[in-house]
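Asks: Below is a structure I'd like to ask you about.
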2 protein chains.
Amino acid sequence: MPDKVLNNFFQPKTIAVIGASESIYSYGTRFIQAQLDFGYKGKIYAVNHKGEKTLGLKIYRSLGEIKDRIDLAFITIPARFILETLDQCMAENIKAVVAFTAGFSETGAEGRELEKEVVKKIKGKARLIGPNCFGPYCPSGGITVVTGGEFARESGPVALIAQSGQLSECIIARAQGEGIRYSKFASYGNAIDVNEADLVDFLMDDRDTRIITQYLEGARDGRRFFDIARRNAGRKPHIIWKVGLTQMGATASSSHTGSLAGTGAAWDAFFRQTGAVQVSTLDEMTDATVAFNQMPKGCGLRVGYISGGGAGTVLGADACDSAGMQMPAFEKRTERKLAELLPGVGLSFRNPVDVGNPHPPKELLYDLLAAMSADKNVDVVVVRRILFSVKMSKIFSGSTAPSEKDQQELLEVPVKVMKKYRKPIVIILPDDMTGAGSIYLEEERRKIRDYFFANGIAVFMSEQRTFTALSHLAGFKMRNSAGKADDREIPAPAKNSRTRKLFLNAVKKSRTPILDEIQCKKILKSAGIRVTLPVLAASRNEAAAAAEKMGFPVAMKIVSPEITHKSDIGGVKLKLQSSADVGRAYDEIMAAVRKKAAKARIDGVSVQKMAQPGLELVIGMTRDPQFGPMLMFGLGGTSVEILKDVAFRITPLTRRDAKEMIRQIKGYRLLEGYRGQPPVDIGHLEDMLMKLSAFIEDNPEIKEMDINPLFAYRKGAVAVDARIILDE
Amino acid sequence: MPDKVLNNFFQPKTIAVIGASESIYSYGTRFIQAQLDFGYKGKIYAVNHKGEKTLGLKIYRSLGEIKDRIDLAFITIPARFILETLDQCMAENIKAVVAFTAGFSETGAEGRELEKEVVKKIKGKARLIGPNCFGPYCPSGGITVVTGGEFARESGPVALIAQSGQLSECIIARAQGEGIRYSKFASYGNAIDVNEADLVDFLMDDRDTRIITQYLEGARDGRRFFDIARRNAGRKPHIIWKVGLTQMGATASSSHTGSLAGTGAAWDAFFRQTGAVQVSTLDEMTDATVAFNQMPKGCGLRVGYISGGGAGTVLGADACDSAGMQMPAFEKRTERKLAELLPGVGLSFRNPVDVGNPHPPKELLYDLLAAMSADKNVDVVVVRRILFSVKMSKIFSGSTAPSEKDQQELLEVPVKVMKKYRKPIVIILPDDMTGAGSIYLEEERRKIRDYFFANGIAVFMSEQRTFTALSHLAGFKMRNSAGKADDREIPAPAKNSRTRKLFLNAVKKSRTPILDEIQCKKILKSAGIRVTLPVLAASRNEAAAAAEKMGFPVAMKIVSPEITHKSDIGGVKLKLQSSADVGRAYDEIMAAVRKKAAKARIDGVSVQKMAQPGLELVIGMTRDPQFGPMLMFGLGGTSVEILKDVAFRITPLTRRDAKEMIRQIKGYRLLEGYRGQPPVDIGHLEDMLMKLSAFIEDNPEIKEMDINPLFAYRKGAVAVDARIILDE
């Protein structure tokens with residue numbers, strides 16, 4: 001449930017600015033100035049320990065002096081005064097506090113301690129955004145950030161949240177030029193109280209917000225953030241610009257906000273599982289937002305493409321392919337129509353279409369766009385290098401350029417076609433000339449762009465940017481319709497199960513943080529996983545007897561809490577065919593262990609029936625510092641270990657997650673049966689992943705787990721070796 | 001040797017425009033108009049079968065009527081008249097012809113035939129650019145393309161060649177705004193005579209050209225293009241925007257110019273072997289050109305990065321890492337200096353540096369940039385979000401913004417530091433606000449950019465674009481200094497060798513296009529490759545005798561020209577330990593073959609000593625339609641086959657190619673020795689690749705070759721199976 005108090009940040013009727021001084025350079029005063037410029041309608045109270053007036057407002061000595069009830073306290077005083085200020089805020093029952101001030105965890109250990117004190121002070125009484133943040137901007141609440149006096153006053157359907165204040169400025173400044181208007185924005189800095197999870201939760205329920213956008217360095221509460229993002233998947237587009245995914249970026253990030261940047265694998269899983277839209281540059285963020293903003297109904301993958309020149313068809317096709325979009329063949333009747341409209345221009349009647357030159361007559365452009373829009377195989381029409389610009393045409397065609405009237409009518413063609421056929425049209429409109437002397441061209445370009453924006457047509461700067469933006473749009477739509485609804489259900493948490501008791505018992509008995517193979521397999525078996533169950537044998541004779549009982553061939557391994565790499569020291573013997581083999585192997589193992597690990601405590605050897613050879617797979621589990629437990633699935637074997645053909649998912653898995661992670665690895669073709677090999681039991685592997693997900697969730701003491709190798713067969717699969725490492 | 005006649009295209013003293021009519025809409029007349037606008041200094045002659053005058057020039061009925069000697073004929077008449085026009089040109093001894101006219105191979109079979117006729121007409125007499133092209137633009141020759149009347153009149157160090165005319169316009173228009181000026185440009189269309197190889201060859205020797213840029217759909221003469229590009233590698237930066245690398249793009253490309261687009265693997269090899277700079281968008285092309293243009297001395301990989309705000313350090317570090325650049329630790333004294341300059345801002349004294357806000361005092365910025373420039377670990381300094389803009393500062397800081405004078409002085413700081421320390425400084429200068437009402441900001445941005453350009457500082461639009469451009473620059477410099485000079489030498493072609501005779505003999509005898517294993521291995525052995533040499537045995541007894549002679553274990557395989565997948569039908573037996581085993585295996589093979597391939601001609605069985613198990617590798621060879629033979633190297637085994645961990649190189653290989661292709665595969669760690677396995681003999685593998693490269697070059701009848709598996713050992717390697725397929 002989102003916290004309703006968060007609304008105080010965006011629509012406060014009264015604001016106290018603590019730290020506003022007589023100097024116009026103080027951040028408090030600059031914040032007030034920004035509200036006055038922006039047109040804030042509520043009451044602002046300046047608070048400082050000295051000074052009389054600032055910007056025409058009385059300066060109060062303390063919050064206590066103000067008679068009014070304060071919805072929002074905005075704190076700009078130095079960090080060292082924050083605790084006493086918060087005492088005053090709590091005394092006045094203020095529910096919402098923005099701590100603009102920097103100088104906390106981002107500067108070191110002392111700052112981290114101070115943050116802890118701050119949290120203690122407000123816990124259960126108020127919500128705090130910051131410290132080290134810009135705070136909120138919300139046109140409908142009339143509130144803006146300190147540098148946002150000139151931000152747009154109109155509201156729109158897009159929300160933005162970001163740790164960084166400065167980068168948010170860049171995002172908003174850019175977006176506003178591209179026709180985007182905001183419902184709510186918050187820069188939340190170090191996120192010691194209100195964090196990304198709270199804000200996304202709040203915005204998912206906010207009626208004024210249709211699209212959530214986010215700039216993210218690291219998640220403060222990754223687990224909750226994941227849960228919220230996944231629960232809301234498919235409702236509102238959730239665009240996230242995650243930075244710090246490279247090693248270098250992660251280092252720079254942690255020195256900046258003190259938050260841990262996620263590893264690539266965990267974030268990859270996050271995006272796959274939540275369906276949040278991942279973008280990686282400011283341009284991509286802006287373009288994706290433009291796409292969702294301009295095309296609320298979304299679009300599919302199939303593009304009809306038309307270019308005023310042949311090279312543009314190649315560029316378009318390349319960009320389309322790279323973005324994972326499609327250029328299908330037109331319907332036959334469309335091809336016939338286009339062939340009629342474009343006689344003698346080679347294969348131009350096929351998709352992508354080459355008009356031949358950038359100045360088609362308006363009637364021709366209408367007929368072409370109409371034919372493509374009417375085509376059942378096309379979800380969206382993309383138009384490239386039709387020169388809608390009067391001034392550009394003059395440059396390239398001089399005295400032979402079309403008239404201004406013709407150009408104006410050409411401009412209206414896509415709008416008319418879209419109104420009639422109700423199929424989205426998208427225009428690629430680059431800035432062809434970027435010289436200082438060509439600024440008039442850019443001015444005209446922006447006006448053309450805005451004309452299209454105003455008429456519901458999305459406009460982008462290049463082929464690549466167009467197709468990338470459309471792929472986000474199409475991906476969002478597809479993901480929400482793909483697969484069975486059941487597959488998307490998040491499984492209910494397991495209760496205190498029999499397996500849990502078995503596990504806790506093993507933990508209690510274990511002298512090391514690594515559970516031995518026999519313990520692991522007993523537990524996994526109880527969790528529903530097929531295993532080759534080993535028997536512990538304390539002597540040569542016990543080993544032989546156990547082998548006789550289970551049948552040959554058997555494998556034998558040393559059991560010792562101190563020996564983890566058993567085969568390295570000669571502690572493993574495979575393919576033993578008889579009691580005699582078993583006896584000999586026992587002696588050899590003991591001799592090897594005495595030599596290589598003389599001091600290790602020996603519990604005996606494990607004896608187990610050798611599994612039938614099958615396709616060698618691996619399932620593992622590890623803990624991500626932000627998201628907690630993740631399952632891994634992949635091909636086994638040494639060479640594949642190097643090639644790292646594995647997929648990760650954050651637990652608990654949905655059935656869809658299990659299905660997708662198996663199909664994600666490149667080696668999936670081997671699972672389907674390759675070169676005459678039989679296919680393996682993929683349904684069984686999915687079940688196994690679901691069982692392991694529940695098992696992992698139910699037993700939070702597990703830090704890491706390896707089932708390696710796992711042999712998969714035409715029917716079923718068997719865990720041949722397994723290891724569980726406990727959290728200490 | 002480049003053809004000197006090509007100079008006629010760029011610096012003609014006289015041009016005949018064949019097809020210029022009285023209508024200003026005719027392309028011939030438009031071409032003349034463009035020359036007049038551009039300021040062509042030579043003489044232009046209009047030629048047409050009708051009309052009196054155009055643009056004040058007399059229209060001649062034929063070339064014969066012109067008394068002057070013509071340097072360049074520019075043909076714009078319809079395709080059907082081209083042959084008779086060329087007759088006239090040849091009669092007048094014209095050495096250079098541009099065929100602007102379209103309607104040739106790009107429209108189908110008839111056009112392809114016409115092109116062949118055209119080539120026949122001019123062969124040995126003249127050079128022709130086109131058809132279906134825009135032709136040349138060369139400021140020093142005063143000549144421009146039909147749409148280029150407004151192109152820059154000043155010359156510069158950059159050359160551009162492209163098949164497409166229209167896209168070249170876009171490239172040039174964009175580049176001019178970014179401070180780039182051209183020496184020579186040619187759009188060469190269908191390239192039936194002058195092609196990319198001729199032009200690059202010419203430009204590599206052209207004194208006015210320091211940087212060669214190229215937009216390329218497909219290569220007409222891939223083999224020569226590769227040879228020239230590789231021969232010239234390291235002399236002049238050679239930037240290539242190769243399109244059509246995706247499946248979709250390749251299809252669109254071939255319908256456009258009739259040229260075959262290269263496959264991804266071949267082009268990957270091309271770029272690795274030639275050191276040409278690969279770019280994939282117009283932005284990347286422009287940025288790379290800006291980098292080489294502004295920084296003629298290049299730069300290394302190590303970046304000192306400074307940002308006016310913390311988030312910018314994360315973005316920079318991410319972009320740096322993604323582009324393969326580095327942000328090294330500063331020298332200790334630099335860190336001390338920075339800590340002094342930026343007290344109390346966390347870890348800002350480390351690389352990347354966070355100034356804290358975008359308005360540093362000019363003295364501070366000077367000291368920071370100076371300290372970073374003086375650092376020995378830094379090759380180039382990158383500056384992000386220091387607000388040099390007066391107008392932008394006012395928006396973000398209102399009445400607290402710095403004065404115009406302060407801003408002007410801030411602007412001069414990077415220039416002053418660079419002059420003093422002679423270390424390149426690069427500025428990231430984005431277009432922060434793109435609204436129609438913010439055009440004045442873009443105007444100012446362009447002026448700031450041009451100020452930096454004029455002072456030798458490169459300017460880019462975003463972090464990503466900056467680091468990508470710098471990585472091209474650094475990559476070019478590094479590549480030219482890396483490795484031993486010997487390793488870069490292209491080996492001399494093999495003479496008629498003993499192996500060649502053996503090969504030709506085998507070809508003559510072979511009844512199918514696939515040479516059998518015994519033949520292949522004899523030939524490979526002669527070429528210096530270690531093989532397990534099989535013996536052909538025609539009977540049970542012969543097989544047993546051969547096995548006894550070579551020692552056990554042996555492998556036995558059916559030998560039949562009609563059976564290629566031997567193991568699928570039971571034609572292969574491995575690990576035979578004794579004569580009895582061999583006899584039994586012989587009978588089983590014969591029984592299986594009789595059952596599964598009753599009609600196949602059987603030559604007998606091959607018997608060979610089993611190789612010691614080693615690391616399983618594969619070496620292959622195939623022919624690329626553009627570049628000819630390529631060698632492939634990779635890991636063997638089924639799973640790796642699916643994961644496609646292989647590297648390609650076009651032959652002949654340099655030693656460097658051989659070294660690099662082995663190290664390029666992800667599985668290289670296995671070759672170095674992984675998890676206690678011994679390393680393999682990498683030097684031997686390099687030698688093997690060199691020998692195979694020579695072998696392949698010497699025997700052009702080979703279409704494909706597989707050495708699979710190749711077992712590699714601590715010392716040496718052995719080809720266990722091999723197959724050669726001949727070109728039919």
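Identifiers in this document derive from the order of the structure tokens: chains are assigned A, B, ..., residues are numbered from 1 separately in each chain, and ligands are numbered from 1 in order of occurrence.
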Which residues are near segment 64-66 of chain A? Cut-off 8 Å, only C-alpha atoms, ignore same chain within fewer than 2 positions. Put them as a list in words.

Replies: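 With the cut-off at 8 Å, the set is Tyr45, Tyr60, Arg61, Ser62, Asp68, Arg69, Gln88 and Glu92 of chain A.
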
Asks: Using only C-alpha atoms, find each residue of chain A with at least one atom at most 7 Å away from an atom of chain B; report its shortest atom-to-atom pair and that distance in Å (one decimal), sort the rows by chain and rising residue number, and return the result as CSV.

Replies:
```
residue,atom,partner,partner_atom,distance
A:Tyr25,CA,B:Thr400,CA,6.1
A:Glu106,CA,B:Gly346,CA,6.4
A:Thr107,CA,B:Gly346,CA,4.2
A:Gly108,CA,B:Gly346,CA,6.8
A:Thr147,CA,B:Phe396,CA,4.9
A:Gly148,CA,B:Phe396,CA,6.9
A:Glu150,CA,B:Ile395,CA,6.8
A:Ser164,CA,B:Ala311,CA,6.1
A:Gln166,CA,B:Gly309,CA,6.8
A:Leu167,CA,B:Ala311,CA,6.3
A:Cys170,CA,B:Asp432,CA,6.3
A:Ala173,CA,B:Met433,CA,5.3
A:Arg174,CA,B:Met433,CA,4.9
A:Gln176,CA,B:Gly435,CA,6.7
A:Gly177,CA,B:Gly435,CA,3.5
A:Glu178,CA,B:Gly435,CA,6.5
A:Val243,CA,B:Leu315,CA,6.7
A:Gly244,CA,B:Val314,CA,6.1
A:Thr246,CA,B:Asp318,CA,5.5
A:Met248,CA,B:Ala317,CA,5.3
A:Gly249,CA,B:Asp318,CA,4.4
A:Ala252,CA,B:Val314,CA,5.2
A:Ser253,CA,B:Val314,CA,5.4
A:Ser255,CA,B:Leu347,CA,6.6
A:His256,CA,B:Gly310,CA,6.0
A:Gly309,CA,B:Gln166,CA,6.8
A:Gly310,CA,B:His256,CA,6.0
A:Ala311,CA,B:Ser164,CA,6.1
A:Thr313,CA,B:Ala252,CA,6.1
A:Val314,CA,B:Gly249,CA,4.9
A:Leu315,CA,B:Val243,CA,6.7
A:Ala317,CA,B:Gly249,CA,4.5
A:Asp318,CA,B:Gly249,CA,4.4
A:Asp321,CA,B:Met248,CA,6.2
A:Val345,CA,B:Thr107,CA,6.7
A:Gly346,CA,B:Thr107,CA,4.3
A:Leu347,CA,B:Ser255,CA,6.6
A:Ile395,CA,B:Glu150,CA,6.8
A:Phe396,CA,B:Thr147,CA,4.9
A:Ser397,CA,B:Thr147,CA,6.1
A:Thr400,CA,B:Tyr25,CA,6.1
A:Asp432,CA,B:Arg174,CA,5.6
A:Met433,CA,B:Arg174,CA,4.9
A:Thr434,CA,B:Gly177,CA,4.4
A:Gly435,CA,B:Gly177,CA,3.5
A:Ala436,CA,B:Arg446,CA,5.3
A:Ile439,CA,B:Glu443,CA,6.2
A:Glu443,CA,B:Ile439,CA,6.2
A:Arg446,CA,B:Ala436,CA,5.3
A:Lys447,CA,B:Ala436,CA,6.2
A:Ser639,CA,B:Gly667,CA,6.8
A:Ile642,CA,B:Gly667,CA,6.3
A:Leu643,CA,B:Lys666,CA,6.3
A:Lys666,CA,B:Leu643,CA,6.3
A:Gly667,CA,B:Ile642,CA,6.3
```

Asks: Considering only C-alpha atoms, return as an MDAnalysis selection string whatever protein or nucleic-acid residues lie within 6 Å of segment 493-501 of chain A, sequence-local ones (same chain, fewer than 6 positions apart) excluded.

Replies: chainID A and resid 526:527 698

Asks: Output the selection as a PDB file, in the first residue's frame - N, CA and C atoms for each residue.

Replies:
```
ATOM      1  N   SER A 526      13.729 -34.111  -0.295  1.00  0.00           N
ATOM      2  CA  SER A 526      12.515 -33.742   0.420  1.00  0.00           C
ATOM      3  C   SER A 526      11.804 -32.581  -0.271  1.00  0.00           C
ATOM      4  N   ALA A 527      12.585 -31.698  -0.917  1.00  0.00           N
ATOM      5  CA  ALA A 527      11.994 -30.553  -1.624  1.00  0.00           C
ATOM      6  C   ALA A 527      11.451 -30.952  -2.992  1.00  0.00           C
ATOM      7  N   ASP A 698      11.959 -20.333   1.281  1.00  0.00           N
ATOM      8  CA  ASP A 698      11.556 -20.888   2.571  1.00  0.00           C
ATOM      9  C   ASP A 698      12.747 -21.005   3.534  1.00  0.00           C
TER      10      ASP A 698
END
```

Asks: Can you pull out the residues contacting Lys50 of chain B? Cut-off 12 Å, using only C-alpha atoms, and skip same-chain residues under 6 positions away; I want them as an MDAnalysis selection string.

Replies: chainID B and resid 18:23 58:62

Asks: Kindly save the residues from that selection, with C-alpha atoms included, as a PDB file, in the first residue's frame.

Replies:
```pdb
ATOM      1  CA  ILE B  18      25.620  15.838 -71.650  1.00  0.00           C
ATOM      2  CA  GLY B  19      21.870  16.141 -71.156  1.00  0.00           C
ATOM      3  CA  ALA B  20      21.703  19.740 -69.949  1.00  0.00           C
ATOM      4  CA  SER B  21      18.463  21.145 -71.402  1.00  0.00           C
ATOM      5  CA  GLU B  22      16.654  24.458 -71.427  1.00  0.00           C
ATOM      6  CA  SER B  23      14.519  23.316 -68.474  1.00  0.00           C
ATOM      7  CA  LYS B  58      25.202  27.705 -75.616  1.00  0.00           C
ATOM      8  CA  ILE B  59      23.874  24.156 -76.015  1.00  0.00           C
ATOM      9  CA  TYR B  60      26.069  22.099 -78.337  1.00  0.00           C
ATOM     10  CA  ARG B  61      24.511  19.395 -80.460  1.00  0.00           C
ATOM     11  CA  SER B  62      27.362  16.992 -79.903  1.00  0.00           C
TER      12      SER B  62
END
```

Asks: Tell me which of B:Glu562, B:Glu701, B:Asp587, B:Asp721 sits closest to Ile529 of chain B, counting only C-alpha atoms.

Replies: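 Closest candidate: B:Asp721.
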
Asks: From the options B:Thr213, B:Thr532, B:Ser471, B:Asn132, which residue's atoms come nearest to Ile192 of chain B, counting only C-alpha atoms?

Replies: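 Counting only C-alpha atoms, the residue closest to Ile192 of chain B is B:Asn132.
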
Asks: So that I can check the secondary structure, give me every residue of segment 667-699 of chain A assigned helix (DSSP H, G or I) by backbone DSSP, as a VMD selection string.

Replies: chain A and resid 668 to 671 682 to 698

Asks: How would the residues just chosen look if you wrote them out with C-alpha atoms as a compact mmCIF listing (two decimals), in the first residue's frame?

Replies:
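What ended up in again_7.txt:
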```txt
# COMPACT_ATOMS: atom_id res chain seq x y z
CA TYR A 668 18.79 -24.17 -25.50
CA ARG A 669 19.09 -25.89 -28.87
CA LEU A 670 20.90 -28.72 -27.08
CA LEU A 671 17.92 -29.10 -24.75
CA ILE A 682 12.01 -29.23 -20.27
CA GLY A 683 8.74 -29.32 -18.32
CA HIS A 684 10.51 -31.25 -15.60
CA LEU A 685 13.28 -28.64 -15.49
CA GLU A 686 10.68 -25.88 -15.13
CA ASP A 687 9.08 -27.77 -12.25
CA MET A 688 12.48 -28.18 -10.67
CA LEU A 689 13.18 -24.47 -10.87
CA MET A 690 9.81 -23.69 -9.31
CA LYS A 691 10.47 -26.14 -6.48
CA LEU A 692 13.93 -24.74 -5.90
CA SER A 693 12.56 -21.20 -5.90
CA ALA A 694 10.09 -22.12 -3.16
CA PHE A 695 12.83 -23.98 -1.29
CA ILE A 696 15.16 -20.99 -1.42
CA GLU A 697 12.46 -18.59 -0.29
CA ASP A 698 11.56 -20.89 2.57
```

Asks: Tell me, as a list in words, which residues lie within 10 Å of Ala611 of chain A, counting only C-alpha atoms; anything in the same chain fewer than 5 positions away does not count.

Replies: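 Here the qualifying residues turn out to be Val531, Thr532, Pro553, Val554, Ala555, Lys575, Leu710, Phe711, Ala717, Val718, Ala719 and Val720 of chain A.
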
Asks: Looking at B:Val97, B:Ala276, B:Ala91, B:Leu341, which one is nearest to Asp71 of chain B, with distances taken over only C-alpha atoms?

Replies: B:Val97

Asks: Hey, can you check how far atom CA of Ala537 of chain B sits from atom CA of Leu726 of chain B?

Replies: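 Atom CA of Leu726 of chain B lies at a distance of 25.1 Å from atom CA of Ala537 of chain B.
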
Asks: So which residues touch segment 266-268 of chain A within 9 Å, counting only C-alpha atoms, skipping near sequence neighbours fewer than 2 positions away, as a ChimeraX atom specification?

Replies: /A:242,245,262-264,270-273,624,626-627,630,648-650

Asks: Can you pull out the residues contacting Lys477 of chain A? Cut-off 10 Å, using only C-alpha atoms, and skip same-chain residues under 3 positions away; I want them as a PDB file with C-alpha atoms, in the first residue's frame.

Replies:
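Wrote out-v5.pdb, looks like this:
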```
ATOM      1  CA  GLY A 234       1.901  -4.243 -17.359  1.00  0.00           C
ATOM      2  CA  PRO A 237       4.972   1.741 -18.491  1.00  0.00           C
ATOM      3  CA  GLY A 275       8.916  -5.848 -17.695  1.00  0.00           C
ATOM      4  CA  LYS A 297      -2.160   2.657 -27.364  1.00  0.00           C
ATOM      5  CA  GLY A 298       1.314   1.381 -28.155  1.00  0.00           C
ATOM      6  CA  CYS A 299       2.151  -0.533 -31.310  1.00  0.00           C
ATOM      7  CA  GLY A 300       3.287  -3.952 -32.479  1.00  0.00           C
ATOM      8  CA  LEU A 301       6.608  -5.033 -33.939  1.00  0.00           C
ATOM      9  CA  SER A 471      10.969  -1.507 -29.775  1.00  0.00           C
ATOM     10  CA  HIS A 472      10.386  -0.401 -26.180  1.00  0.00           C
ATOM     11  CA  LEU A 473       6.790   0.402 -27.000  1.00  0.00           C
ATOM     12  CA  ALA A 474       6.177  -2.837 -28.848  1.00  0.00           C
ATOM     13  CA  ASN A 480       1.651  -7.966 -21.418  1.00  0.00           C
ATOM     14  CA  SER A 481      -0.229 -10.151 -23.830  1.00  0.00           C
ATOM     15  CA  ALA A 482       2.284 -13.016 -24.097  1.00  0.00           C
TER      16      ALA A 482
END
```

Asks: Go ahead and compute the interatomic distance for atom CA of Ser539 of chain A and atom CA of Ile724 of chain A, in Å to one decimal.

Replies: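 Pair atom CA of Ser539 of chain A / atom CA of Ile724 of chain A returns 25.7 Å.
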
Asks: So which residues of segment 7-221 of chain A fall under strand (DSSP E or B) by DSSP, listed as a PyMOL selection string?

Replies: chain A and resi 14-18+43-47+53-54+57-60+72-75+96-99+127-129+135-138+143+158-162+182-187+211-216

Asks: Measure the distance from atom CA of Ile702 of chain A to atom CA of Arg623 of chain A in Å and round it to one decimal.

Replies: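 A separation of 8.8 Å between them.
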